[in-house]
file input-v9.txt (compact mmCIF, C-alpha atoms and all ligand atoms)
# COMPACT_ATOMS: atom_id res chain seq x y z
CA MET C 11 -121.90 112.03 -62.82
CA ASP C 12 -118.19 112.82 -62.83
CA LYS C 13 -116.42 109.49 -63.40
CA THR C 14 -112.94 110.88 -62.67
CA LYS C 15 -114.09 112.07 -59.26
CA ASN C 16 -115.53 108.64 -58.47
CA LYS C 17 -112.26 106.96 -59.46
CA LYS C 18 -110.33 109.33 -57.24
CA ARG C 19 -112.51 108.28 -54.32
CA LEU C 20 -112.37 104.61 -55.21
CA ILE C 21 -108.58 104.30 -55.01
CA PRO C 22 -108.18 105.55 -51.41
CA ALA C 23 -111.15 103.39 -50.39
CA LEU C 24 -109.45 100.34 -51.91
CA VAL C 25 -106.17 101.16 -50.17
CA VAL C 26 -107.91 101.50 -46.80
CA THR C 27 -109.75 98.21 -47.36
CA CYS C 28 -106.50 96.44 -48.24
CA ILE C 29 -104.79 97.77 -45.09
CA LEU C 30 -107.72 96.66 -42.91
CA VAL C 31 -107.64 93.18 -44.42
CA LEU C 32 -103.86 92.95 -43.84
CA ILE C 33 -104.25 94.02 -40.20
CA LEU C 34 -107.00 91.43 -39.70
CA VAL C 35 -104.86 88.67 -41.25
CA ALA C 36 -101.86 89.64 -39.11
CA ALA C 37 -103.98 89.66 -35.95
CA THR C 38 -105.46 86.22 -36.55
CA ASP C 39 -102.26 84.63 -37.83
CA GLU C 40 -101.33 83.04 -34.50
CA LYS C 41 -99.20 79.97 -34.84
CA THR C 42 -100.94 76.82 -33.67
CA ILE C 43 -98.99 75.23 -30.83
CA ILE C 44 -99.55 71.51 -30.45
CA VAL C 45 -98.87 69.96 -27.05
CA SER C 46 -99.08 66.53 -25.50
CA TYR C 47 -102.13 66.22 -23.27
CA TYR C 48 -102.80 62.89 -21.55
CA GLY C 49 -101.32 60.97 -24.46
CA GLU C 50 -103.20 62.96 -27.12
CA GLU C 51 -102.17 65.89 -29.27
CA ALA C 52 -104.00 69.09 -28.38
CA ASN C 53 -104.09 72.76 -29.35
CA LEU C 54 -102.46 74.77 -26.56
CA ARG C 55 -104.57 77.91 -27.02
CA GLN C 56 -107.76 75.86 -26.92
CA LEU C 57 -106.69 74.03 -23.76
CA GLU C 58 -105.68 77.30 -22.14
CA SER C 59 -109.05 78.88 -22.80
CA ASN C 60 -110.86 75.86 -21.31
CA ILE C 61 -108.67 74.96 -18.32
CA LYS C 62 -107.85 77.71 -15.85
CA THR C 63 -105.09 75.74 -14.09
CA LEU C 64 -103.49 74.26 -17.20
CA SER C 65 -99.96 73.27 -16.15
CA CYS C 66 -97.32 72.54 -18.77
CA ASP C 67 -93.69 71.47 -18.63
CA ASP C 68 -91.00 71.21 -21.30
CA HIS C 69 -88.89 68.41 -19.88
CA ILE C 70 -88.76 66.56 -23.22
CA GLY C 71 -87.21 69.50 -25.07
CA LYS C 72 -87.36 73.20 -25.84
CA GLY C 73 -90.85 74.18 -26.89
CA ILE C 74 -92.20 70.65 -26.55
CA LEU C 75 -94.87 70.94 -23.92
CA THR C 76 -96.65 68.29 -21.91
CA CYS C 77 -99.75 69.70 -20.27
CA TYR C 78 -101.95 68.65 -17.35
CA ASN C 79 -105.20 69.87 -15.83
CA THR C 80 -103.58 70.78 -12.51
CA PHE C 81 -100.19 71.82 -11.19
CA GLU C 82 -100.18 68.88 -8.79
CA GLU C 83 -100.43 66.43 -11.71
CA MET C 84 -97.52 68.18 -13.44
CA LEU C 85 -95.43 67.92 -10.25
CA GLN C 86 -96.15 64.23 -9.90
CA ALA C 87 -95.29 63.48 -13.53
CA ASN C 88 -91.98 65.35 -13.14
CA ASN C 89 -91.03 63.70 -9.87
CA CYS C 90 -91.24 67.05 -8.12
CA LYS C 91 -92.48 67.90 -4.66
CA ILE C 92 -93.91 71.04 -3.27
CA GLY C 93 -92.41 72.66 -0.18
CA SER C 94 -94.19 74.43 2.62
CA ASN C 95 -95.83 76.74 0.11
CA ARG C 96 -96.37 76.85 -3.66
CA GLY C 97 -93.28 79.00 -3.95
CA GLU C 98 -91.04 76.05 -3.10
CA ILE C 99 -90.61 73.23 -5.58
CA PHE C 100 -88.06 70.44 -5.32
CA CYS C 101 -87.49 68.28 -8.36
CA GLY C 102 -85.49 65.34 -9.56
CA LEU C 103 -82.86 63.69 -7.43
CA ASP C 104 -83.30 65.90 -4.38
CA SER C 105 -86.96 64.99 -4.08
CA LEU C 106 -86.35 61.23 -4.08
CA ALA C 107 -87.27 59.93 -0.64
CA GLY C 108 -85.54 62.93 0.89
CA LYS C 109 -82.22 61.23 0.19
CA LYS C 110 -79.70 62.65 -2.21
CA ASP C 111 -78.30 60.13 -4.67
CA THR C 112 -74.62 60.99 -4.96
CA THR C 113 -73.51 58.05 -7.11
CA ALA C 114 -71.45 58.96 -10.17
CA GLU C 115 -74.26 57.81 -12.44
CA ALA C 116 -76.80 60.06 -10.73
CA GLU C 117 -74.43 63.02 -10.76
CA SER C 118 -73.66 62.66 -14.46
CA SER C 119 -77.36 62.39 -15.34
CA LYS C 120 -78.08 65.82 -13.88
CA GLY C 121 -76.85 67.82 -16.86
CA ILE C 122 -77.42 71.51 -17.29
CA ASN C 123 -81.08 71.03 -18.19
CA GLY C 124 -81.60 68.08 -15.88
CA THR C 125 -83.96 69.79 -13.47
CA LEU C 126 -86.77 72.25 -13.60
CA TYR C 127 -85.41 75.72 -12.82
CA ALA C 128 -88.52 77.88 -12.73
CA THR C 129 -92.29 77.97 -13.08
CA LEU C 130 -93.93 81.00 -14.66
CA TRP C 131 -97.46 81.63 -13.43
CA LYS C 132 -100.20 83.56 -15.18
CA ASP C 133 -101.60 84.91 -11.91
CA VAL C 134 -100.07 86.26 -8.70
CA TYR C 135 -99.48 83.95 -5.71
CA TYR C 136 -98.61 81.01 -7.97
CA GLU C 137 -102.10 80.55 -9.38
CA GLY C 138 -103.65 79.99 -12.77
CA SER C 139 -102.03 78.56 -15.87
CA SER C 140 -98.30 77.83 -15.65
CA ARG C 141 -95.14 76.84 -17.54
CA SER C 142 -92.59 74.76 -15.65
CA LEU C 143 -89.30 75.14 -17.46
CA TYR C 144 -86.19 73.08 -18.06
CA GLN C 145 -85.17 75.14 -21.11
CA ASP C 146 -84.38 78.79 -21.87
CA TYR C 147 -86.78 80.78 -24.08
CA ASN C 148 -85.67 83.78 -26.11
CA ASP C 149 -89.32 84.38 -27.06
CA LEU C 150 -92.13 83.16 -24.83
CA ASN C 151 -94.60 83.48 -27.70
CA SER C 152 -93.35 80.04 -28.73
CA ILE C 153 -95.07 78.54 -25.69
CA ASN C 154 -97.96 81.01 -25.67
CA PHE C 155 -96.79 82.81 -22.53
CA ASN C 156 -95.61 86.23 -23.71
CA ASP C 157 -96.55 89.13 -21.39
CA GLU C 158 -98.48 86.79 -19.08
CA THR C 159 -96.25 86.10 -16.07
CA SER C 160 -97.44 87.52 -12.73
CA SER C 161 -95.50 85.29 -10.31
CA VAL C 162 -92.48 82.98 -10.56
CA THR C 163 -91.43 79.90 -8.63
CA VAL C 164 -87.65 79.73 -8.70
CA SER C 165 -85.96 76.36 -8.08
CA SER C 166 -82.54 77.62 -9.14
CA SER C 167 -81.61 81.21 -9.91
CA THR C 168 -83.45 82.54 -12.93
CA THR C 169 -83.58 85.71 -15.01
CA ILE C 170 -86.81 86.94 -16.57
CA PHE C 171 -86.58 89.56 -19.30
CA ARG C 172 -88.87 92.38 -20.31
CA HIS C 173 -88.11 91.86 -23.99
CA ILE C 174 -87.43 88.95 -26.31
CA ASN C 175 -83.84 87.77 -26.90
CA PHE C 176 -82.90 88.15 -23.22
CA TYR C 177 -83.02 91.94 -23.08
CA GLN C 178 -83.63 93.96 -19.87
CA GLY C 179 -83.51 91.24 -17.27
CA LEU C 180 -84.77 90.96 -13.72
CA PRO C 181 -82.54 88.50 -11.80
CA LEU C 182 -84.43 86.25 -9.38
CA TYR C 183 -82.66 84.36 -6.59
CA SER C 184 -85.88 83.18 -4.99
CA SER C 185 -89.58 82.91 -5.79
CA VAL C 186 -91.67 86.04 -6.30
CA ASP C 187 -95.38 85.77 -5.52
CA ASP C 188 -96.33 89.12 -7.06
CA LEU C 189 -94.32 90.70 -9.87
CA ARG C 190 -96.24 93.97 -9.47
CA ASP C 191 -93.81 94.60 -6.56
CA TYR C 192 -91.02 94.75 -9.14
CA ASN C 193 -92.97 96.67 -11.78
CA PHE C 194 -92.69 93.50 -13.87
CA ASN C 195 -96.29 92.27 -14.14
CA ASP C 196 -97.39 90.81 -17.50
CA VAL C 197 -94.25 91.94 -19.32
CA THR C 198 -91.95 88.90 -19.35
CA SER C 199 -91.01 87.99 -22.93
CA SER C 200 -87.94 85.76 -22.46
CA VAL C 201 -86.50 83.65 -19.65
CA ALA C 202 -83.22 81.89 -18.84
CA ARG C 203 -81.74 79.64 -16.21
CA GLY C 204 -79.12 81.53 -14.18
CA ILE C 205 -78.38 85.18 -13.52
CA TYR C 206 -77.81 87.59 -16.41
CA ARG C 207 -77.30 91.32 -16.22
CA CA Z 301 -100.67 87.68 -15.62
call {"tool": "encode", "arguments": {"input": "input-v9.txt", "output": "structure tokens"}}
result
Amino acid sequence: MDKTKNKKRLIPALVVTCILVLILVAATDEKTIIVSYYGEEANLRQLESNIKTLSCDDHIGKGILTCYNTFEEMLQANNCKIGSNRGEIFCGLDSLAGKKDTTAEAESSKGINGTLYATLWKDVYYEGSSRSLYQDYNDLNSINFNDETSSVTVSSSTTIFRHINFYQGLPLYSSVDDLRDYNFNDVTSSVARGIYR
């Protein structure tokens, strides 16, 4: 047997094996995202695979999600109300007994991130898993929602972006029940309150 020939074959085989192992490691190296779920800590990806209507909000802070089994539970916890259809959501002060609190204290508590500005939905017609957002995200991977959005409930004007870091935006002035109409299905990678061009 020619040992040199065997060695020559062994080296490329080792290189290929190494590359395959690296690809496998990269593919499975998904960051664990811990969320609050009925007072317990839970793994977001696990919840998402078990609960089709998992509904999360980030009202505590950027990337800090609180998740519920249904969208209705999320609305209730956030003092939000639904309008005549799932594309209309009213939150915070405006939803309180239909009466707007215009005291100075109430006005000053609004803040720029005081109310929910948009809900991203995994499915069209505001169905499936969702993220109800008070914060901007330059990379939706951080809340496990990259390239997932198929419809958007807009409470105040919002821009969704095809790429991370707010690149190639689609400005939304009102809710969109099917992003396929805008050639924007399952591509949203970042999102911000307000209109950006
Ligand atoms: Ca989708």
call {"tool": "atom_distance", "arguments": {"input": "input-v9.txt", "atom1": "atom CA of Ile174 of chain C", "atom2": "atom CA of Ser46 of chain C"}}
result
25.3 Å
call {"tool": "residues_near_point", "arguments": {"input": "input-v9.txt", "point": "(-90.2, 79.3, -4.8)", "cutoff": "9 Å", "atoms": "all atoms listed in the file", "output": "ChimeraX atom specification"}}
result
/C:93,95-99,128-129,162-166,184-187
call {"tool": "write_last_selection", "arguments": {"input": "input-v9.txt", "atoms": "C-alpha atoms", "output": "mmCIF file, in the coordinates of the input"}}
result
data_model
loop_
_atom_site.group_PDB
_atom_site.id
_atom_site.type_symbol
_atom_site.label_atom_id
_atom_site.label_comp_id
_atom_site.auth_asym_id
_atom_site.auth_seq_id
_atom_site.Cartn_x
_atom_site.Cartn_y
_atom_site.Cartn_z
ATOM 1 C CA GLY C 93 -92.410 72.660 -0.180
ATOM 2 C CA ASN C 95 -95.830 76.740 0.110
ATOM 3 C CA ARG C 96 -96.370 76.850 -3.660
ATOM 4 C CA GLY C 97 -93.280 79.000 -3.950
ATOM 5 C CA GLU C 98 -91.040 76.050 -3.100
ATOM 6 C CA ILE C 99 -90.610 73.230 -5.580
ATOM 7 C CA ALA C 128 -88.520 77.880 -12.730
ATOM 8 C CA THR C 129 -92.290 77.970 -13.080
ATOM 9 C CA VAL C 162 -92.480 82.980 -10.560
ATOM 10 C CA THR C 163 -91.430 79.900 -8.630
ATOM 11 C CA VAL C 164 -87.650 79.730 -8.700
ATOM 12 C CA SER C 165 -85.960 76.360 -8.080
ATOM 13 C CA SER C 166 -82.540 77.620 -9.140
ATOM 14 C CA SER C 184 -85.880 83.180 -4.990
ATOM 15 C CA SER C 185 -89.580 82.910 -5.790
ATOM 16 C CA VAL C 186 -91.670 86.040 -6.300
ATOM 17 C CA ASP C 187 -95.380 85.770 -5.520
#
call {"tool": "residues_near_ligand", "arguments": {"input": "input-v9.txt", "ligand": "ligand CA 301 (chain Z)", "cutoff": "9 Å", "atoms": "only C-alpha atoms and all ligand atoms", "output": "list in words"}}
result
Trp131, Lys132, Asp133, Val134, Gly138, Asp157, Glu158, Thr159, Ser160, Ser161, Asn195, Asp196 and Val197 of chain C
call {"tool": "closest_residue", "arguments": {"input": "input-v9.txt", "among": "C:Val201, C:Leu130, C:Leu189, C:Ile153", "to": "His173 of chain C", "atoms": "only C-alpha atoms"}}
result
C:Val201
call {"tool": "atom_distance", "arguments": {"input": "input-v9.txt", "atom1": "atom CA of Arg203 of chain C", "atom2": "atom CA of Gln56 of chain C"}}
result
28.4 Å
call {"tool": "closest_residue", "arguments": {"input": "input-v9.txt", "among": "C:Cys77, C:Cys101, C:Ile205, C:Ile70", "to": "Ser140 of chain C", "atoms": "only C-alpha atoms"}}
result
C:Cys77
call {"tool": "closest_residue", "arguments": {"input": "input-v9.txt", "among": "C:Asn148, C:Thr63, C:Asn53, C:Asn154", "to": "Tyr177 of chain C", "atoms": "all atoms listed in the file"}}
result
C:Asn148
call {"tool": "atom_distance", "arguments": {"input": "input-v9.txt", "atom1": "atom CA of Ser200 of chain C", "atom2": "atom CA of Asp149 of chain C"}}
result
5.0 Å
call {"tool": "residues_around", "arguments": {"input": "input-v9.txt", "residues": "Gly73 of chain C", "least_positions_apart": "5", "cutoff": "9 Å", "atoms": "all atoms listed in the file", "output": "mmCIF file with C-alpha atoms, keeping the file's coordinate frame"}}
result
data_model
loop_
_atom_site.group_PDB
_atom_site.id
_atom_site.type_symbol
_atom_site.label_atom_id
_atom_site.label_comp_id
_atom_site.auth_asym_id
_atom_site.auth_seq_id
_atom_site.Cartn_x
_atom_site.Cartn_y
_atom_site.Cartn_z
ATOM 1 C CA ASP C 68 -91.000 71.210 -21.300
ATOM 2 C CA GLN C 145 -85.170 75.140 -21.110
ATOM 3 C CA TYR C 147 -86.780 80.780 -24.080
ATOM 4 C CA SER C 152 -93.350 80.040 -28.730
ATOM 5 C CA ILE C 153 -95.070 78.540 -25.690
#
call {"tool": "closest_residue", "arguments": {"input": "input-v9.txt", "among": "C:Glu58, C:Asp146, C:Asp188, C:Asp67", "to": "Phe171 of chain C", "atoms": "all atoms listed in the file"}}
result
C:Asp146
call {"tool": "residues_around", "arguments": {"input": "input-v9.txt", "residues": "Met84 of chain C", "least_positions_apart": "4", "cutoff": "9 Å", "atoms": "all atoms listed in the file", "output": "list in words"}}
result
Ser65, Cys66, Asp67, Thr76, Cys77, Tyr78, Asn79, Thr80, Asn88, Asn89, Cys90 and Ser142 of chain C
call {"tool": "closest_residue", "arguments": {"input": "input-v9.txt", "among": "C:Arg55, C:Arg190, C:Lys18, C:Arg141", "to": "Leu75 of chain C", "atoms": "all atoms listed in the file"}}
result
C:Arg141
call {"tool": "build_atoms", "arguments": {"input": "input-v9.txt", "residues": "segment 52-81 of chain C", "atoms": "N, CA and C atoms", "output": "CSV table (one decimal), in the coordinates of the input"}}
result
chain,number,residue,atom,x,y,z
C,52,ALA,N,-103.0,68.1,-28.6
C,52,ALA,CA,-104.0,69.1,-28.4
C,52,ALA,C,-103.5,70.5,-28.7
C,53,ASN,N,-104.4,71.4,-29.0
C,53,ASN,CA,-104.1,72.8,-29.4
C,53,ASN,C,-103.9,73.6,-28.0
C,54,LEU,N,-102.7,74.1,-27.8
C,54,LEU,CA,-102.5,74.8,-26.6
C,54,LEU,C,-103.4,75.9,-26.3
C,55,ARG,N,-103.7,76.8,-27.3
C,55,ARG,CA,-104.6,77.9,-27.0
C,55,ARG,C,-106.0,77.5,-26.6
C,56,GLN,N,-106.4,76.4,-27.3
C,56,GLN,CA,-107.8,75.9,-26.9
C,56,GLN,C,-107.8,75.3,-25.5
C,57,LEU,N,-106.8,74.6,-25.1
C,57,LEU,CA,-106.7,74.0,-23.8
C,57,LEU,C,-106.7,75.2,-22.8
C,58,GLU,N,-105.9,76.2,-23.1
C,58,GLU,CA,-105.7,77.3,-22.1
C,58,GLU,C,-107.0,78.0,-21.9
C,59,SER,N,-107.8,78.2,-23.0
C,59,SER,CA,-109.0,78.9,-22.8
C,59,SER,C,-110.1,78.0,-22.0
C,60,ASN,N,-109.9,76.7,-22.0
C,60,ASN,CA,-110.9,75.9,-21.3
C,60,ASN,C,-110.5,75.5,-19.9
C,61,ILE,N,-109.1,75.5,-19.6
C,61,ILE,CA,-108.7,75.0,-18.3
C,61,ILE,C,-107.9,76.0,-17.6
C,62,LYS,N,-108.4,76.6,-16.5
C,62,LYS,CA,-107.8,77.7,-15.8
C,62,LYS,C,-106.5,77.4,-15.2
C,63,THR,N,-106.3,76.1,-14.8
C,63,THR,CA,-105.1,75.7,-14.1
C,63,THR,C,-104.2,74.9,-15.0
C,64,LEU,N,-104.3,75.0,-16.3
C,64,LEU,CA,-103.5,74.3,-17.2
C,64,LEU,C,-102.0,74.4,-16.8
C,65,SER,N,-101.3,73.3,-16.6
C,65,SER,CA,-100.0,73.3,-16.2
C,65,SER,C,-99.1,72.5,-17.1
C,66,CYS,N,-98.1,73.2,-17.7
C,66,CYS,CA,-97.3,72.5,-18.8
C,66,CYS,C,-95.8,72.6,-18.4
C,67,ASP,N,-95.1,71.5,-18.8
C,67,ASP,CA,-93.7,71.5,-18.6
C,67,ASP,C,-93.0,71.2,-20.0
C,68,ASP,N,-91.7,71.4,-20.0
C,68,ASP,CA,-91.0,71.2,-21.3
C,68,ASP,C,-89.8,70.3,-21.1
C,69,HIS,N,-90.0,69.3,-20.2
C,69,HIS,CA,-88.9,68.4,-19.9
C,69,HIS,C,-88.4,67.6,-21.1
C,70,ILE,N,-89.2,67.4,-22.1
C,70,ILE,CA,-88.8,66.6,-23.2
C,70,ILE,C,-87.8,67.4,-24.1
C,71,GLY,N,-88.1,68.7,-24.2
C,71,GLY,CA,-87.2,69.5,-25.1
C,71,GLY,C,-87.8,70.9,-25.2
C,72,LYS,N,-87.0,71.8,-25.7
C,72,LYS,CA,-87.4,73.2,-25.8
C,72,LYS,C,-88.6,73.3,-26.7
C,73,GLY,N,-89.6,73.9,-26.1
C,73,GLY,CA,-90.8,74.2,-26.9
C,73,GLY,C,-91.8,73.0,-27.0
C,74,ILE,N,-91.3,71.8,-26.5
C,74,ILE,CA,-92.2,70.6,-26.6
C,74,ILE,C,-92.9,70.5,-25.2
C,75,LEU,N,-94.2,70.9,-25.2
C,75,LEU,CA,-94.9,70.9,-23.9
C,75,LEU,C,-95.7,69.7,-23.7
C,76,THR,N,-95.7,69.3,-22.4
C,76,THR,CA,-96.6,68.3,-21.9
C,76,THR,C,-97.5,69.0,-20.9
C,77,CYS,N,-98.8,68.9,-21.1
C,77,CYS,CA,-99.8,69.7,-20.3
C,77,CYS,C,-100.7,68.8,-19.5
C,78,TYR,N,-101.1,69.3,-18.3
C,78,TYR,CA,-102.0,68.6,-17.4
C,78,TYR,C,-103.0,69.6,-16.9
C,79,ASN,N,-104.1,69.0,-16.3
C,79,ASN,CA,-105.2,69.9,-15.8
C,79,ASN,C,-104.8,70.7,-14.6
C,80,THR,N,-103.9,70.1,-13.8
C,80,THR,CA,-103.6,70.8,-12.5
C,80,THR,C,-102.1,70.8,-12.3
C,81,PHE,N,-101.6,71.7,-11.5
C,81,PHE,CA,-100.2,71.8,-11.2
C,81,PHE,C,-99.7,70.6,-10.4
